[in-house]
Structures are given as structure tokens and as C-alpha cells.
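**Q** One structure is given below, represented as C-alpha cells, and several questions about it will come after.
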Amino acid sequence: MLTDQLQSLFRRIQDYITSNPLEVFIELAVIWLIVLLIVRFLQGTRGARAIRGLVVILIFATIVIQLLGREDSFQRLAYLYRSFLGFFALALVVVFHPELRRALVRLGEASIFGGRGGLRKARVIEELLKAVAYASKNKIGLLVAIERQVGLKGIIEYGTRLDALVSAELLNTIFWPGSALHDMGVVIEGDRVVAAGVQFPLAEGEQFDTELGSRHRAAIGLSQEADALVVVVSEETGTISLAERGGLTRGLDIEQLRARLTEGMGRTPITPMTDTDDNDTATTR
């Protein structure tokens, strides 16, 4: 019986392949691409291990049902298998709720900088660079998110609303040690500081260095959920870092950060500002 089932399965596979090779190739290519995108999206998330276990169970159950199943036999096993498929779909929604929400959010809102002048963006970058240079030189912790296409209203509402023009002096005041808002993050929307004291979501996964503190994990976590550019200055070392799309680039200097922000905000590079007192490119790697 088992031999007959195997032969029948192999015949079906052979007939499927030989019926229309081009169609089979296109289907397999599309399936491979979808699986690759899913794996890359889930890599490093807390649900990655869970999905591996569920996939192993699903593959094993499918093989058993295909080998043993007939229309008039093992009906109870077939029923359990169909029920498991429904449970599997529900489990995916529950386990990967944060990842699914993140993917849907990224499809979201219109660009903040769409239609805004390049000079306004240039001023935002230069004011931020002055604050970053000052924080790095004096080893003051700093965490600033620049909103891009995906809105950050969901986390802003839990912070302190400011709606003030971006300036280095304002940022330095917010992050000065002892300030009521210095331990959390600042969100910049357009050319305005819309909120301070904002709690960013911490990064998920186990692939991050253990030496990363809460600021860096918060920067990575926010960049995982939105397309924001998140600038971090370490309070211990003064190291400048930039988080984007779930990745963290560490050990940047001011010119490197300027280039990354210029590219990320989509504008033509400009000549650095001439104010040098707080714009020294002092940073440690």
C-alpha cells in the first residue's frame, strides 16, 4: 500500500513537471521569491523560531497525508490535517502580529518632506548635526528620529508635544543631563520638533551586540517599525550612530552622518555651516 502511494505521488509529480515546463518554472520562481522575501522579513525577529517549528510540522503532516491518504481511508487523519491548516493560519497571525503590523504601517502615509524646499531640509540637517557634534564632544546621550514616509503619530501621542522649530539649542537643552526629557527620544517632523520624551519601541531579536544600550535598541526598534532615520549618540563613549530599516551604523563622524542624512532625506548636498564652536567633528569609534 505504501509503495503504491509513493508511485502514485511520483507519477503526479512527473506529470506536473512534464505537462508545461515553462509554467512550472515560473510558478517555482514565484514561490521561491515569496519564500525568500518572507525569510528575509522574519530574520532576527522573535517569531522566527516559532515559524520554523510550525513549518516542520506542516511538511511532515503533508507528507504523511499524501502517502497514507485515500478517499476511503484515514479520514480522521485527513480531518485533523485540514483542521491543523486552519490552526496554522491563525497561529501565523498571532505569532507575527508585530511584524504584520509593521509591514502594513510601512505601506502607509504620505511623505512628510514631499514638496518641501531643499533649504528647509538643509537647515534641519545642519541644526541636528550641530547638536550631535556637541553631544558627542561632551558625551551626552542623544536620540532623535526624523520622520519620513511612515508617520510616527502612534508613539508621539505618548510623549510631550512641543511643535517647535528645529534648532541645535533646543535639542541641546532637551538632552542636557538632568532634563526631564533627556532619557527618551525626540521626533522631528518636517522642520519642527513635534515631541520630546518619546518612548521608542525596543528592538526585537537576539542578533544585537550585548553592549548596545537602551538608546541604541530603541533606535533600531523604531527603524524596524517605520522608515525613520534615527540618530544616536552614546552617553558612555560619545559614539555617533545611525539606525535605518532595522540596521545600525556605528562610529560615524559628522561628515559621514551629513552624507547619510542627505541621502536619506533625498536632497542635494550643501556646504557645511561655518559655525564651528559646537560643530567640531569630535567622535569616538
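Ligands are numbered from 1 in the order shown, chains are lettered A, B, ... in the order of the C-alpha cells, and residues start at 1 in each chain.
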Would you pick out the contacts of region 156-161 of chain A at 8 Å or less, using only C-alpha atoms, so that residues sharing its chain but fewer than 3 positions from it are not included, and give the list as a ChimeraX atom specification?
**A** /A:152-153,187,194-199
**Q** Between A:Thr249, A:Thr262, A:Gln149, A:Ser223, which is the closest to Glu126 (chain A) once you count only C-alpha atoms?
**A**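 Comparing A:Thr249, A:Thr262, A:Gln149, A:Ser223 against Glu126 (chain A), the winner is A:Thr262.
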**Q** For the structure I just gave you, how does DSSP split region 112-249 of chain A - specifically, which residues are alpha helix (DSSP H)? Reply as a ChimeraX atom specification.
**A** /A:118-138,153-156,168-174,214-225
**Q** Let's see if you can do this: from backbone DSSP, list all strand (DSSP E or B) residues in region 167-244 of chain A, as a list in words.
**A**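 Selection result, strand (DSSP E or B) within region 167-244 of chain A: Gly185, Val186, Val187, Ile188, Glu189, Arg192, Val193, Val194, Ala195, Ala196, Gly197, Val198, Leu229, Val230, Val231, Val232, Val233, Ile240, Ser241, Leu242, Ala243 and Glu244 of chain A.
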**Q** Smallest atom-to-atom distance to Val166 (chain A): which of A:Gly213, A:Gly246, A:Gly190, A:Gly141, using only C-alpha atoms?
**A**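 Result for the nearest residue to Val166 (chain A): A:Gly190.
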**Q** Report the distance between CA of Leu165 (chain A) and CA of Phe200 (chain A) in Å, rounded to one decimal place.
**A**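 Here the two named atoms are 21.4 Å from each other.
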**Q** Name the residues in contact with Asp191 (chain A) at a cut-off of 10 Å, using only C-alpha atoms, excluding same-chain residues fewer than 5 positions from it; report them as number ranges by chain.
**A** A: 112-113, 116, 120-125, 146, 163-167
**Q** CA of Leu90 (chain A) and CA of Ile34 (chain A) are how many Å apart?
**A**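 Separation between CA of Leu90 (chain A) and CA of Ile34 (chain A): 19.5 Å.
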**Q** Select, from A:Leu257, A:Leu212, A:Ala91, A:Leu28, the residue with the minimum atom-to-atom distance to Val230 (chain A), counting only C-alpha atoms.
**A** A:Leu257
